[in-house]
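One structure below.
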Amino acid sequence: MSPPFIDSAPALVVDNLRKTYGNGVEALKGISLTVQPGDFFALLGPNGAGKSTLIGILSSLVNSTGGDAQVFGISVNKQRGKAMQLIGLVPQEINFNQFEKPFDICVNEAGFYGIPRKIAMERAEKYLKELRLWDKAQDQARMLSGGMKRRLMIARAMMNEPKLLILDEPTAGVDIEIRRSMWQFISGINAAGTTVILTTHYLEEAEQLCRNIAIIDRGTIVENTTMKRLLATMDVETFVFDVANVPGQLPTLAGINLRRIDEHTLEAEMSRSQDLNSLFVVLSSHGITVTSMRNKTNRLEELFVRLVENGRNGTLKEKAA
Amino acid sequence: MKASANLVALNTIVRREIMRIMRIWTQTLIPPAITMTLYFVIFGKLIGSRIGEMHGFTYMQYIVPGLVMMSIITNSYGNISSSFFGAKFSRAVEEMLVSPMPNWVILLGYVIGAVVRGVVVGALVLLIALFFTDLNVVHPVITFLSVLLGATVFSLAGFVNAIYAKKFDDIALVPTFVLTPLTYLGGVFYSIDLLGQPWRSISLINPILYMVNAFRFGVLGKADVPIGEAFIVMLVFVAGLSAVALHLLKRGIGLRS
């Protein structure tokens, strides 16, 4: 039975967490963040930023050198067993026995959590079916494709029906169709009440799925806010227009940088405060027919690069000073 | 976790280990049976018939308990070191490390798996031995306990080896350079009464000598060392190696960063 404070406590509280490896590398420099129950939280950062170290500490694979983390009010350091009951982990690297069958991998995982075999077998069937792996349940895991192996790790992480699901780059190297089916599954899990923490390098994935976000770089949190608020800070957007014809002389508009890409494509870089109507009016008056348009850049990707670069420049300035 | 949940977790590891042994039976069960058959033919029949009696038994009867114990020791050790290191190497060990399962359940599960392999191989070798000679087990309880303790000691030792191992070579190192010489010098093929000093005294610091002789006492009723002493040595090793293995698991040596 869950302790009574579980449902009232934040899903995750990371308090001044530090990790210095034996070789002296300071992977986490005292980070703090809070994830509320039911949230879909993005944890982003470049390679080597400290994301996997943080996830390693939360899942008890890495020993912290300072601070603490609490999962639904339970300390990972002091009550590891109880905290682990609440967590499901989908790691970055494939980490199951490739000679075992997916069904056995899932049933064994449940066994490690003390879940009786009968229930474990029912759950294994349920989640392998939901992740479209049931027809492979009795094959050796090494025979599965890369995408199937990733889905198997999600099914395995669901075996203890965790209250907090941590996904460390779950869609890396997965084709778009499978990626979308995985998004659908994870969104469903989140809608049913499971708190989800996602790290990914596909920023459109984070933008579409997550409500809150933390960006980590070089062991420190450089941004921690809601996705909406973060995206609202972005003031410049680039639109791509597919046009029927591009005249030799492009119209000029105040505050809009209009460029010709080829004879059927235009690009307009403009402030978010400017409306598109005036642009369409001008294009129309110059005889340019727009057949379709799209936003060129991934907004989050642009912000991500900017935040990380700003953070690093700041660090460089501090060092120079 | 609750006691019932721990039992489920323990059962899961043991079942998985036994499945592994059965899945690769051509590597786990057949080779030791073939090797020991050759020992029986060459040392027991061909050479043994010219050696004569030892402690009132034919040479074949004398070496059977030693060879059975040797099989139990090497297979228990080999099972746990390769299985646990394999899990470490493939990172499948993380499945257990991120679970709420206590460390003692992980250790006990692997040890039981290794003891099962040792006992199954020992039984196979004993069965083969009956084709070559007659044997009556004099003290069944002592025989059973010596098998259990001997297998447990070397399961624990194999587990410690697997924790420290960084590559597959590291789990072959100890059996080749430590286990095999100690086994051969542990009274499997001879009574230490045949040795002069100081070799007889030196032999007494070899833990395998006590395991072989405890089992031999159980089967034949004769041993080179007092049976109580043999059990004390085995119990001390079980306690010491368990403490070391649990300490290493708690600290996460070789397992957690």
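Residues in the structure tokens are numbered from 1 in each chain, the chains being A, B, ... in the order shown, and ligands are numbered from 1 in the order shown.
For Pro32 in chain B, the list of residues within 9 Å, based on only C-alpha atoms and with local chain neighbours fewer than 4 positions off taken out, reads Gln27, Thr28, Met36, Thr37, Ser71, Asn75, Val121, Leu124 and Val125 of chain B.
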Residues of chain A within 9 Å of chain B, counting only C-alpha atoms - could you list those as a PDB file with N, CA and C atoms, in the first residue's frame?
```
ATOM      1  N   TYR A  21      32.419  12.465 -10.544  1.00  0.00           N
ATOM      2  CA  TYR A  21      32.920  11.106 -10.787  1.00  0.00           C
ATOM      3  C   TYR A  21      34.347  10.960 -10.261  1.00  0.00           C
ATOM      4  N   GLY A  22      34.768   9.715 -10.170  1.00  0.00           N
ATOM      5  CA  GLY A  22      36.094   9.410  -9.639  1.00  0.00           C
ATOM      6  C   GLY A  22      37.217  10.085 -10.400  1.00  0.00           C
ATOM      7  N   GLY A  56      20.401   8.513 -13.805  1.00  0.00           N
ATOM      8  CA  GLY A  56      21.103   7.434 -13.109  1.00  0.00           C
ATOM      9  C   GLY A  56      20.943   7.545 -11.601  1.00  0.00           C
ATOM     10  N   SER A  59      17.379   6.665 -10.563  1.00  0.00           N
ATOM     11  CA  SER A  59      17.069   5.233 -10.648  1.00  0.00           C
ATOM     12  C   SER A  59      18.058   4.399  -9.835  1.00  0.00           C
ATOM     13  N   SER A  60      18.906   5.056  -9.078  1.00  0.00           N
ATOM     14  CA  SER A  60      19.877   4.447  -8.156  1.00  0.00           C
ATOM     15  C   SER A  60      21.016   3.695  -8.842  1.00  0.00           C
ATOM     16  N   LEU A  61      21.227   3.965 -10.121  1.00  0.00           N
ATOM     17  CA  LEU A  61      22.372   3.349 -10.808  1.00  0.00           C
ATOM     18  C   LEU A  61      23.644   4.164 -10.608  1.00  0.00           C
ATOM     19  N   VAL A  62      23.461   5.421 -10.209  1.00  0.00           N
ATOM     20  CA  VAL A  62      24.607   6.305  -9.953  1.00  0.00           C
ATOM     21  C   VAL A  62      24.470   6.824  -8.523  1.00  0.00           C
ATOM     22  N   ASN A  63      25.566   6.788  -7.783  1.00  0.00           N
ATOM     23  CA  ASN A  63      25.543   7.318  -6.415  1.00  0.00           C
ATOM     24  C   ASN A  63      25.836   8.813  -6.451  1.00  0.00           C
ATOM     25  N   SER A  64      24.963   9.609  -5.845  1.00  0.00           N
ATOM     26  CA  SER A  64      25.204  11.062  -5.825  1.00  0.00           C
ATOM     27  C   SER A  64      26.317  11.369  -4.825  1.00  0.00           C
ATOM     28  N   ARG A  80      15.668   3.826  -0.607  1.00  0.00           N
ATOM     29  CA  ARG A  80      15.829   3.436  -2.009  1.00  0.00           C
ATOM     30  C   ARG A  80      14.752   2.462  -2.480  1.00  0.00           C
ATOM     31  N   GLY A  81      14.511   1.407  -1.703  1.00  0.00           N
ATOM     32  CA  GLY A  81      13.563   0.367  -2.117  1.00  0.00           C
ATOM     33  C   GLY A  81      12.171   0.927  -2.363  1.00  0.00           C
ATOM     34  N   LYS A  82      11.687   1.748  -1.410  1.00  0.00           N
ATOM     35  CA  LYS A  82      10.339   2.322  -1.536  1.00  0.00           C
ATOM     36  C   LYS A  82      10.261   3.271  -2.723  1.00  0.00           C
ATOM     37  N   ALA A  83      11.332   4.058  -2.900  1.00  0.00           N
ATOM     38  CA  ALA A  83      11.339   5.021  -4.016  1.00  0.00           C
ATOM     39  C   ALA A  83      11.331   4.277  -5.356  1.00  0.00           C
ATOM     40  N   MET A  84      12.102   3.189  -5.423  1.00  0.00           N
ATOM     41  CA  MET A  84      12.197   2.451  -6.700  1.00  0.00           C
ATOM     42  C   MET A  84      10.882   1.781  -7.083  1.00  0.00           C
ATOM     43  N   GLN A  85      10.052   1.466  -6.065  1.00  0.00           N
ATOM     44  CA  GLN A  85       8.729   0.874  -6.352  1.00  0.00           C
ATOM     45  C   GLN A  85       7.903   1.805  -7.240  1.00  0.00           C
ATOM     46  N   ILE A  87       9.067   4.043  -9.513  1.00  0.00           N
ATOM     47  CA  ILE A  87       9.721   4.507 -10.752  1.00  0.00           C
ATOM     48  C   ILE A  87       9.740   3.404 -11.802  1.00  0.00           C
ATOM     49  N   GLY A  88       9.536   3.806 -13.047  1.00  0.00           N
ATOM     50  CA  GLY A  88       9.779   2.930 -14.195  1.00  0.00           C
ATOM     51  C   GLY A  88      10.834   3.609 -15.047  1.00  0.00           C
ATOM     52  N   LEU A  89      11.817   2.859 -15.500  1.00  0.00           N
ATOM     53  CA  LEU A  89      12.924   3.475 -16.240  1.00  0.00           C
ATOM     54  C   LEU A  89      13.069   2.856 -17.620  1.00  0.00           C
ATOM     55  N   GLU A  93      20.429   3.013 -23.334  1.00  0.00           N
ATOM     56  CA  GLU A  93      21.065   1.853 -23.975  1.00  0.00           C
ATOM     57  C   GLU A  93      20.205   0.610 -23.770  1.00  0.00           C
ATOM     58  N   ILE A  94      20.252  -0.282 -24.745  1.00  0.00           N
ATOM     59  CA  ILE A  94      19.547  -1.553 -24.605  1.00  0.00           C
ATOM     60  C   ILE A  94      20.171  -2.313 -23.420  1.00  0.00           C
ATOM     61  N   ASN A  95      19.362  -2.704 -22.461  1.00  0.00           N
ATOM     62  CA  ASN A  95      19.955  -3.362 -21.282  1.00  0.00           C
ATOM     63  C   ASN A  95      19.139  -4.566 -20.824  1.00  0.00           C
ATOM     64  N   PHE A  96      18.724  -5.379 -21.795  1.00  0.00           N
ATOM     65  CA  PHE A  96      18.113  -6.647 -21.390  1.00  0.00           C
ATOM     66  C   PHE A  96      18.923  -7.787 -21.984  1.00  0.00           C
ATOM     67  N   ASN A  97      18.690  -8.981 -21.466  1.00  0.00           N
ATOM     68  CA  ASN A  97      19.394 -10.163 -21.972  1.00  0.00           C
ATOM     69  C   ASN A  97      18.823 -10.503 -23.351  1.00  0.00           C
ATOM     70  N   GLN A  98      19.653 -10.371 -24.355  1.00  0.00           N
ATOM     71  CA  GLN A  98      19.169 -10.507 -25.737  1.00  0.00           C
ATOM     72  C   GLN A  98      18.807 -11.955 -26.086  1.00  0.00           C
ATOM     73  N   ASP A 104       9.365 -13.255 -21.345  1.00  0.00           N
ATOM     74  CA  ASP A 104      10.102 -13.590 -20.111  1.00  0.00           C
ATOM     75  C   ASP A 104      10.775 -12.353 -19.523  1.00  0.00           C
ATOM     76  N   VAL A 107       8.044 -10.509 -17.671  1.00  0.00           N
ATOM     77  CA  VAL A 107       7.577 -11.234 -16.476  1.00  0.00           C
ATOM     78  C   VAL A 107       8.654 -11.210 -15.387  1.00  0.00           C
ATOM     79  N   ASN A 108       9.915 -11.397 -15.795  1.00  0.00           N
ATOM     80  CA  ASN A 108      11.007 -11.356 -14.813  1.00  0.00           C
ATOM     81  C   ASN A 108      11.123  -9.977 -14.176  1.00  0.00           C
ATOM     82  N   GLU A 109      10.970  -8.939 -15.003  1.00  0.00           N
ATOM     83  CA  GLU A 109      11.055  -7.578 -14.466  1.00  0.00           C
ATOM     84  C   GLU A 109      10.002  -7.389 -13.361  1.00  0.00           C
ATOM     85  N   ALA A 110       8.794  -7.843 -13.632  1.00  0.00           N
ATOM     86  CA  ALA A 110       7.733  -7.731 -12.621  1.00  0.00           C
ATOM     87  C   ALA A 110       8.125  -8.514 -11.366  1.00  0.00           C
ATOM     88  N   GLY A 111       8.732  -9.669 -11.572  1.00  0.00           N
ATOM     89  CA  GLY A 111       9.169 -10.491 -10.436  1.00  0.00           C
ATOM     90  C   GLY A 111      10.151  -9.747  -9.547  1.00  0.00           C
ATOM     91  N   PHE A 112      11.049  -8.975 -10.161  1.00  0.00           N
ATOM     92  CA  PHE A 112      12.031  -8.215  -9.364  1.00  0.00           C
ATOM     93  C   PHE A 112      11.336  -7.182  -8.460  1.00  0.00           C
ATOM     94  N   TYR A 113      10.122  -6.788  -8.865  1.00  0.00           N
ATOM     95  CA  TYR A 113       9.353  -5.829  -8.053  1.00  0.00           C
ATOM     96  C   TYR A 113       8.405  -6.549  -7.089  1.00  0.00           C
ATOM     97  N   GLY A 114       8.512  -7.880  -7.048  1.00  0.00           N
ATOM     98  CA  GLY A 114       7.693  -8.654  -6.109  1.00  0.00           C
ATOM     99  C   GLY A 114       6.273  -8.869  -6.592  1.00  0.00           C
ATOM    100  N   ILE A 115       6.029  -8.681  -7.883  1.00  0.00           N
ATOM    101  CA  ILE A 115       4.668  -8.854  -8.417  1.00  0.00           C
ATOM    102  C   ILE A 115       4.451 -10.338  -8.725  1.00  0.00           C
ATOM    103  N   PRO A 116       3.401 -10.926  -8.164  1.00  0.00           N
ATOM    104  CA  PRO A 116       3.175 -12.370  -8.375  1.00  0.00           C
ATOM    105  C   PRO A 116       3.115 -12.727  -9.861  1.00  0.00           C
ATOM    106  N   ARG A 117       3.551 -13.940 -10.164  1.00  0.00           N
ATOM    107  CA  ARG A 117       3.740 -14.373 -11.553  1.00  0.00           C
ATOM    108  C   ARG A 117       2.463 -14.288 -12.396  1.00  0.00           C
TER     109      ARG A 117
END
```
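The residues of range 110-211 of chain A that DSSP assigns to strand (DSSP E or B) on this backbone come out as Leu164, Leu165, Ile166, Leu167, Asp168, Thr195, Val196, Ile197, Leu198 and Thr199 of chain A.
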Checklist entry - Can you list every residue in range 72-140 of chain B that DSSP puts in alpha helix (DSSP H), as a PyMOL selection string? => result chain B and resi 72-89+93-97+103-129+140
Selected residues written out with C-alpha atoms, as a PDB file, in the first residue's frame:
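Once written, again26.pdb looks like this:
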```pdb
ATOM      1  CA  ILE B  72      30.485 -29.311  -7.919  1.00  0.00           C
ATOM      2  CA  ILE B  73      33.066 -26.665  -7.033  1.00  0.00           C
ATOM      3  CA  THR B  74      34.099 -25.759 -10.588  1.00  0.00           C
ATOM      4  CA  ASN B  75      30.536 -25.720 -11.919  1.00  0.00           C
ATOM      5  CA  SER B  76      29.106 -23.640  -9.093  1.00  0.00           C
ATOM      6  CA  TYR B  77      31.927 -21.165  -9.493  1.00  0.00           C
ATOM      7  CA  GLY B  78      31.729 -21.118 -13.285  1.00  0.00           C
ATOM      8  CA  ASN B  79      27.954 -20.744 -13.324  1.00  0.00           C
ATOM      9  CA  ILE B  80      27.721 -17.708 -11.100  1.00  0.00           C
ATOM     10  CA  SER B  81      30.792 -15.927 -12.436  1.00  0.00           C
ATOM     11  CA  SER B  82      29.746 -16.260 -16.082  1.00  0.00           C
ATOM     12  CA  SER B  83      26.053 -15.580 -15.464  1.00  0.00           C
ATOM     13  CA  PHE B  84      26.522 -12.516 -13.258  1.00  0.00           C
ATOM     14  CA  PHE B  85      29.378 -11.115 -15.313  1.00  0.00           C
ATOM     15  CA  GLY B  86      27.318 -11.744 -18.472  1.00  0.00           C
ATOM     16  CA  ALA B  87      24.495  -9.711 -16.916  1.00  0.00           C
ATOM     17  CA  LYS B  88      26.993  -6.978 -16.055  1.00  0.00           C
ATOM     18  CA  PHE B  89      28.510  -7.016 -19.536  1.00  0.00           C
ATOM     19  CA  VAL B  93      22.072  -6.438 -14.324  1.00  0.00           C
ATOM     20  CA  GLU B  94      20.550  -2.935 -14.301  1.00  0.00           C
ATOM     21  CA  GLU B  95      17.103  -4.586 -14.383  1.00  0.00           C
ATOM     22  CA  MET B  96      17.812  -5.810 -10.875  1.00  0.00           C
ATOM     23  CA  LEU B  97      19.750  -2.778  -9.660  1.00  0.00           C
ATOM     24  CA  ASN B 103      20.877  -6.882  -2.282  1.00  0.00           C
ATOM     25  CA  TRP B 104      20.654 -10.076  -0.257  1.00  0.00           C
ATOM     26  CA  VAL B 105      17.886 -11.348  -2.544  1.00  0.00           C
ATOM     27  CA  ILE B 106      20.079 -10.774  -5.621  1.00  0.00           C
ATOM     28  CA  LEU B 107      22.991 -12.594  -3.976  1.00  0.00           C
ATOM     29  CA  LEU B 108      20.891 -15.473  -2.659  1.00  0.00           C
ATOM     30  CA  GLY B 109      19.110 -15.923  -6.001  1.00  0.00           C
ATOM     31  CA  TYR B 110      22.369 -16.226  -7.918  1.00  0.00           C
ATOM     32  CA  VAL B 111      23.913 -18.487  -5.271  1.00  0.00           C
ATOM     33  CA  ILE B 112      20.931 -20.856  -5.332  1.00  0.00           C
ATOM     34  CA  GLY B 113      21.137 -20.971  -9.143  1.00  0.00           C
ATOM     35  CA  ALA B 114      24.829 -21.842  -8.986  1.00  0.00           C
ATOM     36  CA  VAL B 115      24.327 -24.441  -6.251  1.00  0.00           C
ATOM     37  CA  VAL B 116      21.609 -26.062  -8.368  1.00  0.00           C
ATOM     38  CA  ARG B 117      24.023 -26.396 -11.274  1.00  0.00           C
ATOM     39  CA  GLY B 118      26.747 -27.758  -8.989  1.00  0.00           C
ATOM     40  CA  VAL B 119      24.378 -30.314  -7.484  1.00  0.00           C
ATOM     41  CA  VAL B 120      22.946 -31.396 -10.868  1.00  0.00           C
ATOM     42  CA  VAL B 121      26.438 -31.829 -12.326  1.00  0.00           C
ATOM     43  CA  GLY B 122      27.593 -33.616  -9.147  1.00  0.00           C
ATOM     44  CA  ALA B 123      24.623 -36.002  -9.395  1.00  0.00           C
ATOM     45  CA  LEU B 124      25.399 -36.665 -13.069  1.00  0.00           C
ATOM     46  CA  VAL B 125      29.047 -37.409 -12.292  1.00  0.00           C
ATOM     47  CA  LEU B 126      28.052 -39.674  -9.403  1.00  0.00           C
ATOM     48  CA  LEU B 127      25.666 -41.512 -11.707  1.00  0.00           C
ATOM     49  CA  ILE B 128      28.450 -42.023 -14.251  1.00  0.00           C
ATOM     50  CA  ALA B 129      30.772 -43.224 -11.465  1.00  0.00           C
ATOM     51  CA  PRO B 140      23.808 -39.238   3.794  1.00  0.00           C
TER      52      PRO B 140
END
```
Next on the checklist: Neighbouring residues of Gln249 in chain A were defined as those with any atom within 10 Å, considering only C-alpha atoms; residues of the same chain fewer than 3 positions away were excluded. Please report them as a list in words.
Outcome noted: Val246, Thr252, Arg260 and His286 of chain A
Write the residues you've just listed into a file as a tab-separated table (two decimals), in the first residue's frame, and include C-alpha atoms for each of them.
```tsv
chain	number	residue	atom	x	y	z
A	246	VAL	CA	8.50	34.51	-57.95
A	252	THR	CA	10.07	45.22	-49.46
A	260	ARG	CA	14.00	34.19	-52.64
A	286	HIS	CA	2.75	42.00	-56.37
```
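Taking CA of Ile213 in chain A and CA of Pro162 in chain A as endpoints, the distance between them is 20.9 Å.
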Need to verify the contact set: range 26-37 of chain A, 9 Å, only C-alpha atoms, exclusion of same-chain residues closer than 6 positions in sequence. Can you return it as a PDB file with N, CA and C atoms, in the first residue's frame?
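Dumped to around_36.pdb:
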```
ATOM      1  N   ASP A   7       0.363  10.912  -2.716  1.00  0.00           N
ATOM      2  CA  ASP A   7      -0.443  11.629  -3.688  1.00  0.00           C
ATOM      3  C   ASP A   7      -0.390  13.149  -3.502  1.00  0.00           C
ATOM      4  N   SER A   8      -0.007  13.597  -2.310  1.00  0.00           N
ATOM      5  CA  SER A   8       0.035  15.041  -2.098  1.00  0.00           C
ATOM      6  C   SER A   8       1.422  15.614  -2.386  1.00  0.00           C
ATOM      7  N   ALA A   9       2.438  14.780  -2.419  1.00  0.00           N
ATOM      8  CA  ALA A   9       3.809  15.263  -2.623  1.00  0.00           C
ATOM      9  C   ALA A   9       4.089  15.451  -4.112  1.00  0.00           C
ATOM     10  N   PRO A  10       5.053  16.338  -4.441  1.00  0.00           N
ATOM     11  CA  PRO A  10       5.469  16.440  -5.858  1.00  0.00           C
ATOM     12  C   PRO A  10       5.980  15.088  -6.360  1.00  0.00           C
ATOM     13  N   ALA A  11       5.829  14.867  -7.649  1.00  0.00           N
ATOM     14  CA  ALA A  11       6.297  13.595  -8.217  1.00  0.00           C
ATOM     15  C   ALA A  11       7.812  13.470  -8.043  1.00  0.00           C
ATOM     16  N   LEU A  12       8.491  14.599  -8.202  1.00  0.00           N
ATOM     17  CA  LEU A  12       9.949  14.570  -8.052  1.00  0.00           C
ATOM     18  C   LEU A  12      10.443  15.911  -7.509  1.00  0.00           C
ATOM     19  N   VAL A  13      11.267  15.821  -6.502  1.00  0.00           N
ATOM     20  CA  VAL A  13      11.968  17.013  -6.007  1.00  0.00           C
ATOM     21  C   VAL A  13      13.457  16.694  -6.054  1.00  0.00           C
ATOM     22  N   VAL A  14      14.184  17.462  -6.827  1.00  0.00           N
ATOM     23  CA  VAL A  14      15.642  17.304  -6.872  1.00  0.00           C
ATOM     24  C   VAL A  14      16.218  18.490  -6.126  1.00  0.00           C
ATOM     25  N   ASP A  15      16.983  18.189  -5.079  1.00  0.00           N
ATOM     26  CA  ASP A  15      17.441  19.258  -4.197  1.00  0.00           C
ATOM     27  C   ASP A  15      18.963  19.304  -4.143  1.00  0.00           C
ATOM     28  N   ASN A  16      19.504  20.320  -4.813  1.00  0.00           N
ATOM     29  CA  ASN A  16      20.950  20.586  -4.766  1.00  0.00           C
ATOM     30  C   ASN A  16      21.769  19.322  -5.046  1.00  0.00           C
ATOM     31  N   LEU A  17      21.381  18.594  -6.069  1.00  0.00           N
ATOM     32  CA  LEU A  17      21.998  17.305  -6.372  1.00  0.00           C
ATOM     33  C   LEU A  17      23.363  17.495  -7.043  1.00  0.00           C
ATOM     34  N   ARG A  18      24.329  16.764  -6.527  1.00  0.00           N
ATOM     35  CA  ARG A  18      25.701  16.881  -7.054  1.00  0.00           C
ATOM     36  C   ARG A  18      26.246  15.518  -7.396  1.00  0.00           C
ATOM     37  N   LYS A  19      27.071  15.486  -8.437  1.00  0.00           N
ATOM     38  CA  LYS A  19      27.798  14.256  -8.750  1.00  0.00           C
ATOM     39  C   LYS A  19      29.162  14.602  -9.335  1.00  0.00           C
ATOM     40  N   THR A  20      30.172  14.131  -8.642  1.00  0.00           N
ATOM     41  CA  THR A  20      31.530  14.247  -9.172  1.00  0.00           C
ATOM     42  C   THR A  20      32.053  12.828  -9.331  1.00  0.00           C
ATOM     43  N   GLY A  48      26.413  14.999 -22.868  1.00  0.00           N
ATOM     44  CA  GLY A  48      27.369  15.268 -21.784  1.00  0.00           C
ATOM     45  C   GLY A  48      26.913  16.356 -20.836  1.00  0.00           C
ATOM     46  N   ALA A  49      25.645  16.772 -20.933  1.00  0.00           N
ATOM     47  CA  ALA A  49      25.158  17.868 -20.086  1.00  0.00           C
ATOM     48  C   ALA A  49      24.938  17.431 -18.645  1.00  0.00           C
ATOM     49  N   GLY A  50      24.645  16.133 -18.467  1.00  0.00           N
ATOM     50  CA  GLY A  50      24.368  15.635 -17.114  1.00  0.00           C
ATOM     51  C   GLY A  50      22.990  14.982 -16.998  1.00  0.00           C
ATOM     52  N   LYS A  51      22.273  14.888 -18.107  1.00  0.00           N
ATOM     53  CA  LYS A  51      20.909  14.318 -18.073  1.00  0.00           C
ATOM     54  C   LYS A  51      20.942  12.856 -17.607  1.00  0.00           C
ATOM     55  N   THR A  53      23.268  11.294 -16.038  1.00  0.00           N
ATOM     56  CA  THR A  53      23.737  11.185 -14.649  1.00  0.00           C
ATOM     57  C   THR A  53      22.570  11.430 -13.698  1.00  0.00           C
ATOM     58  N   LEU A  54      21.766  12.456 -13.999  1.00  0.00           N
ATOM     59  CA  LEU A  54      20.613  12.761 -13.161  1.00  0.00           C
ATOM     60  C   LEU A  54      19.656  11.569 -13.139  1.00  0.00           C
ATOM     61  N   SER A  64      24.963   9.609  -5.845  1.00  0.00           N
ATOM     62  CA  SER A  64      25.204  11.062  -5.825  1.00  0.00           C
ATOM     63  C   SER A  64      26.317  11.369  -4.825  1.00  0.00           C
ATOM     64  N   GLY A  66      26.227  14.498  -3.367  1.00  0.00           N
ATOM     65  CA  GLY A  66      25.654  15.546  -2.524  1.00  0.00           C
ATOM     66  C   GLY A  66      24.206  15.777  -2.898  1.00  0.00           C
ATOM     67  N   GLY A  67      23.439  16.309  -1.943  1.00  0.00           N
ATOM     68  CA  GLY A  67      22.032  16.598  -2.199  1.00  0.00           C
ATOM     69  C   GLY A  67      21.178  15.342  -2.145  1.00  0.00           C
ATOM     70  N   ALA A  69      17.235  13.459  -3.792  1.00  0.00           N
ATOM     71  CA  ALA A  69      16.072  13.506  -4.683  1.00  0.00           C
ATOM     72  C   ALA A  69      14.956  12.746  -3.992  1.00  0.00           C
ATOM     73  N   PHE A  72       7.819  11.343  -5.020  1.00  0.00           N
ATOM     74  CA  PHE A  72       6.558  11.386  -4.262  1.00  0.00           C
ATOM     75  C   PHE A  72       6.847  11.423  -2.763  1.00  0.00           C
ATOM     76  N   LYS A 163       4.399   5.169 -10.922  1.00  0.00           N
ATOM     77  CA  LYS A 163       3.758   6.492 -10.832  1.00  0.00           C
ATOM     78  C   LYS A 163       4.615   7.536 -11.528  1.00  0.00           C
ATOM     79  N   LEU A 164       5.914   7.220 -11.665  1.00  0.00           N
ATOM     80  CA  LEU A 164       6.828   8.136 -12.373  1.00  0.00           C
ATOM     81  C   LEU A 164       7.587   7.329 -13.427  1.00  0.00           C
ATOM     82  N   GLY A 193      -2.586   9.317 -15.736  1.00  0.00           N
ATOM     83  CA  GLY A 193      -2.130   9.776 -14.425  1.00  0.00           C
ATOM     84  C   GLY A 193      -0.665   9.552 -14.113  1.00  0.00           C
ATOM     85  N   THR A 194       0.060   8.862 -14.982  1.00  0.00           N
ATOM     86  CA  THR A 194       1.481   8.629 -14.705  1.00  0.00           C
ATOM     87  C   THR A 194       2.284   9.893 -15.042  1.00  0.00           C
ATOM     88  N   THR A 195       3.127  10.294 -14.131  1.00  0.00           N
ATOM     89  CA  THR A 195       4.020  11.422 -14.394  1.00  0.00           C
ATOM     90  C   THR A 195       5.133  10.936 -15.322  1.00  0.00           C
ATOM     91  N   VAL A 196       5.446  11.733 -16.345  1.00  0.00           N
ATOM     92  CA  VAL A 196       6.459  11.301 -17.314  1.00  0.00           C
ATOM     93  C   VAL A 196       7.580  12.333 -17.396  1.00  0.00           C
ATOM     94  N   ILE A 197       8.807  11.834 -17.315  1.00  0.00           N
ATOM     95  CA  ILE A 197       9.980  12.689 -17.553  1.00  0.00           C
ATOM     96  C   ILE A 197      10.654  12.152 -18.802  1.00  0.00           C
ATOM     97  N   ASN A 212       6.042  21.020 -19.309  1.00  0.00           N
ATOM     98  CA  ASN A 212       7.088  21.763 -18.594  1.00  0.00           C
ATOM     99  C   ASN A 212       8.452  21.283 -19.056  1.00  0.00           C
ATOM    100  N   ALA A 214      12.935  21.544 -18.485  1.00  0.00           N
ATOM    101  CA  ALA A 214      14.176  22.033 -17.870  1.00  0.00           C
ATOM    102  C   ALA A 214      15.284  21.781 -18.883  1.00  0.00           C
ATOM    103  N   ILE A 216      19.304  21.521 -19.265  1.00  0.00           N
ATOM    104  CA  ILE A 216      20.496  21.335 -18.430  1.00  0.00           C
ATOM    105  C   ILE A 216      21.722  21.386 -19.331  1.00  0.00           C
ATOM    106  N   ARG A 218      26.136  21.365 -18.926  1.00  0.00           N
ATOM    107  CA  ARG A 218      27.350  21.312 -18.096  1.00  0.00           C
ATOM    108  C   ARG A 218      27.040  21.230 -16.604  1.00  0.00           C
ATOM    109  N   GLY A 219      26.046  20.405 -16.292  1.00  0.00           N
ATOM    110  CA  GLY A 219      25.748  20.133 -14.891  1.00  0.00           C
ATOM    111  C   GLY A 219      24.932  21.174 -14.169  1.00  0.00           C
ATOM    112  N   THR A 220      24.411  22.183 -14.908  1.00  0.00           N
ATOM    113  CA  THR A 220      23.547  23.171 -14.247  1.00  0.00           C
ATOM    114  C   THR A 220      22.270  23.352 -15.058  1.00  0.00           C
ATOM    115  N   ILE A 221      21.207  23.753 -14.370  1.00  0.00           N
ATOM    116  CA  ILE A 221      19.941  24.000 -15.055  1.00  0.00           C
ATOM    117  C   ILE A 221      19.998  25.422 -15.632  1.00  0.00           C
ATOM    118  N   ASN A 224      14.215  26.508 -16.588  1.00  0.00           N
ATOM    119  CA  ASN A 224      13.229  25.597 -15.995  1.00  0.00           C
ATOM    120  C   ASN A 224      11.901  26.346 -15.951  1.00  0.00           C
TER     121      ASN A 224
END
```
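From CA of Phe41 in chain A back to CA of Cys210 in chain A, the distance works out to 5.3 Å.
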